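Take a look at the structure below.
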Amino acid sequence: MDIEHVTGIVRLDEAIARIAGTAVADGLCEAVLLKGSIARGDADEFSDIDLYLVVSPQNRGTVMERRERYLSAYGDIVFIEDVDFGLPQKLAIFSDALHVDLYVAEPAQIGSLDPMVAVNDTAGLFKDVTPTRVDVTDEELCRHFSSAIYCLVEASSAYGRKNDAWAAKIMSDAVGELSVLMRSLYDRRYAFLGLKKINEVIPAEDYQLLEGIYASLGRGDFSEAAQAILNALDAFLANADADLASKLDTRFLSWAKESLGTTLFARRRP
């Protein structure tokens, strides 16, 4: 692959070429890979870069020490942090607001759940790797369905205590749960991404339901926001296939609908 033309997006391609090119020039990497939105093929000018330096055990320490130098090949770093989600990661934010996550991994540590793009793989270590991620399961969707309702119960308690900031945060969590459900109707495999770029995945009228919930929260109308969440859950239930619908906790949903304005979001501490 031409290291300078990976995404067709100038800023991303420039960053990938400079960072990966500097790492490759050291001769310490077995391969350089891209994952995330770039590998899935849905990156845009606002996307971050998930870049993996694949190394042998004997070169791992040296590459770890040189990560900031590799990143600096793109430009001025305004924030940098070490993170570890199973793999060591350098998170860097550049002066143009580009976000790059630079990982170091040995070949056996590179998972195959999601697509990957080889920026450099001269030995062909990853040429036959195919994504193995499966669709979000009915059981997972059932948990998101119940969790969205549970969030309303917790938010109602915060509302009753006049802790509106906490109530708004919990209701935002409910929207996060709801977004997985709504996304699953159109993108079952990556439904777990939830709100991320969801406006490009679901129909505009469905997306407006989510925008409406946030608008209600912005006005401080928690009861209206709760009703909108319940309406969206009803809509999801109506559009879910019969097998999934039979597994959803409709009793909990019915109780929440009946309780809105009485048990839920009614009483406020004097």
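Chain labels run A, B, ... following the order of the structure tokens; each chain numbers its residues from 1, and ligands are numbered from 1 in the order shown.
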
### Message
I need the alpha helix (DSSP H) residues of stretch 40-209 of chain A per DSSP on the backbone, written as a ChimeraX atom specification.
### Response
/A:40,57-72,138-160,164-184,204-209

### Task
Find the residues around A:Leu91 up to 6 Å (only C-alpha atoms counted), leave out those fewer than 4 positions away in its own chain, and share them as a list of chain:residue names.
A:Ile80, A:Glu81, A:Val100, A:Asp101

## Note on the structure
atom CA of A:Gly160 to atom CA of A:Arg267 measures 5.6 Å

### Task
Kindly indicate which residue among A:Ala97, A:Ile149, A:Ala20, A:Leu193 lies nearest to A:Leu230, using only C-alpha atoms for the distances.
A:Ile149

#### Entry: Of the listed residues A:Glu177, A:Asp164, A:Asp84, A:Asp50, that which approaches A:Leu195 most closely, counting only C-alpha atoms
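Nearest to A:Leu195: A:Glu177.
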
Shell around A:Arg268 at 7 Å using only C-alpha atoms, local window under 5 positions removed, as a PDB file with C-alpha atoms, in the first residue's frame:
ATOM      1  CA  TYR A 159     -34.396  14.709  40.242  1.00  0.00           C
ATOM      2  CA  GLY A 160     -36.333  14.226  43.471  1.00  0.00           C
ATOM      3  CA  ARG A 161     -33.283  15.365  45.450  1.00  0.00           C
ATOM      4  CA  LYS A 162     -32.965  18.451  43.185  1.00  0.00           C
TER       5      LYS A 162
END

With a distance cut-off of 7 Å and only C-alpha atoms, select the neighbouring residues of A:Phe79, excluding the residue or stretch itself and same-chain residues fewer than 2 positions from it, and output the selection as a PDB file with C-alpha atoms, in the first residue's frame.
ATOM      1  CA  ILE A  77       2.030  17.711  20.355  1.00  0.00           C
ATOM      2  CA  GLU A  81      -0.537  10.458  27.844  1.00  0.00           C
ATOM      3  CA  ALA A  92      -1.395  12.243  21.488  1.00  0.00           C
ATOM      4  CA  ILE A  93      -3.296  15.410  20.613  1.00  0.00           C
TER       5      ILE A  93
END

### Test item: residues at most 7 Å from stretch 114-122 of chain A, only C-alpha atoms, excluding those fewer than 4 positions along its chain, as a ChimeraX atom specification
/A:1,3,30-35,39-40,130-133

### Task
Identify, with DSSP run on backbone atoms, the residues in stretch 33-220 of chain A assigned to strand (DSSP E or B), and express the list as a PyMOL selection string.
chain A and resi 33-35+49-55+77-84+88-94+99-105+117-120

Find the residues near A:Phe222: any atom within 8 Å, counting only C-alpha atoms, skip ones fewer than 3 places away on the same chain, and give them as a short mmCIF file (atom, residue, chain, number, x, y, z; two decimals) with N, CA, C and O atoms, in the first residue's frame.
data_model
loop_
_atom_site.label_atom_id
_atom_site.label_comp_id
_atom_site.auth_asym_id
_atom_site.auth_seq_id
_atom_site.Cartn_x
_atom_site.Cartn_y
_atom_site.Cartn_z
N TYR A 159 -33.46 13.61 40.48
CA TYR A 159 -34.40 14.71 40.24
C TYR A 159 -35.16 15.04 41.52
O TYR A 159 -35.34 16.21 41.87
N ALA A 168 -29.37 14.71 34.88
CA ALA A 168 -29.11 14.89 33.46
C ALA A 168 -28.04 13.94 32.96
O ALA A 168 -28.14 13.38 31.86
N SER A 216 -34.68 18.52 25.40
CA SER A 216 -35.50 18.55 26.62
C SER A 216 -34.63 18.67 27.86
O SER A 216 -34.93 19.43 28.79
N LEU A 217 -33.54 17.93 27.89
CA LEU A 217 -32.62 18.01 29.03
C LEU A 217 -32.01 19.40 29.12
O LEU A 217 -31.82 19.94 30.22
N ALA A 225 -38.14 14.69 28.73
CA ALA A 225 -37.04 13.86 28.24
C ALA A 225 -37.30 12.39 28.54
O ALA A 225 -37.04 11.52 27.69
N ALA A 226 -37.82 12.11 29.73
CA ALA A 226 -38.13 10.71 30.09
C ALA A 226 -39.21 10.15 29.17
O ALA A 226 -39.12 9.00 28.72
N PHE A 265 -40.31 11.02 38.37
CA PHE A 265 -40.24 12.42 37.99
C PHE A 265 -41.50 13.22 38.42
O PHE A 265 -42.05 13.98 37.64
#

### Query
Near A:Asp138, counting only C-alpha atoms, which residues have an atom at most 9 Å away, once you skip same-chain residues fewer than 6 positions from it, shown as number ranges by chain?
A: 243-244, 247-248

Residues from last step as file, N, CA, C and O atoms, as a PDB file, in the first residue's frame:
ATOM      1  N   ASP A 243     -38.581 -12.493  17.586  1.00  0.00           N
ATOM      2  CA  ASP A 243     -37.823 -13.287  18.549  1.00  0.00           C
ATOM      3  C   ASP A 243     -37.178 -12.400  19.605  1.00  0.00           C
ATOM      4  O   ASP A 243     -37.224 -12.688  20.800  1.00  0.00           O
ATOM      5  N   LEU A 244     -36.557 -11.298  19.163  1.00  0.00           N
ATOM      6  CA  LEU A 244     -35.948 -10.371  20.116  1.00  0.00           C
ATOM      7  C   LEU A 244     -37.026  -9.714  20.974  1.00  0.00           C
ATOM      8  O   LEU A 244     -36.870  -9.601  22.200  1.00  0.00           O
ATOM      9  N   LYS A 247     -38.077 -11.372  24.077  1.00  0.00           N
ATOM     10  CA  LYS A 247     -37.095 -11.468  25.162  1.00  0.00           C
ATOM     11  C   LYS A 247     -36.958 -10.167  25.951  1.00  0.00           C
ATOM     12  O   LYS A 247     -36.368 -10.163  27.031  1.00  0.00           O
ATOM     13  N   LEU A 248     -37.450  -9.064  25.418  1.00  0.00           N
ATOM     14  CA  LEU A 248     -37.280  -7.775  26.071  1.00  0.00           C
ATOM     15  C   LEU A 248     -38.188  -7.664  27.295  1.00  0.00           C
ATOM     16  O   LEU A 248     -39.276  -8.240  27.331  1.00  0.00           O
TER      17      LEU A 248
END

#### Entry: Distance criterion (only C-alpha atoms): nearest to A:Gly111 out of A:Ser147, A:Phe94, A:Asp42, A:Val54
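Smallest separation from A:Gly111 among the options: A:Val54.
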
### Given only C-alpha atoms as the counted atoms, nearest of A:Thr263, A:Asn199, A:Ser184, A:Asn239 to A:Ser223
A:Thr263

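The smallest atom-to-atom distance between A:Pro107 and any of A:Tyr190, A:Leu260, A:Tyr52, A:Ala167, using only C-alpha atoms, is found for A:Tyr52.
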
### Task
Between A:Ala17, A:Leu71, A:Leu210, A:Leu98, single out the one closest to A:Ile229, counting only C-alpha atoms.
A:Leu210
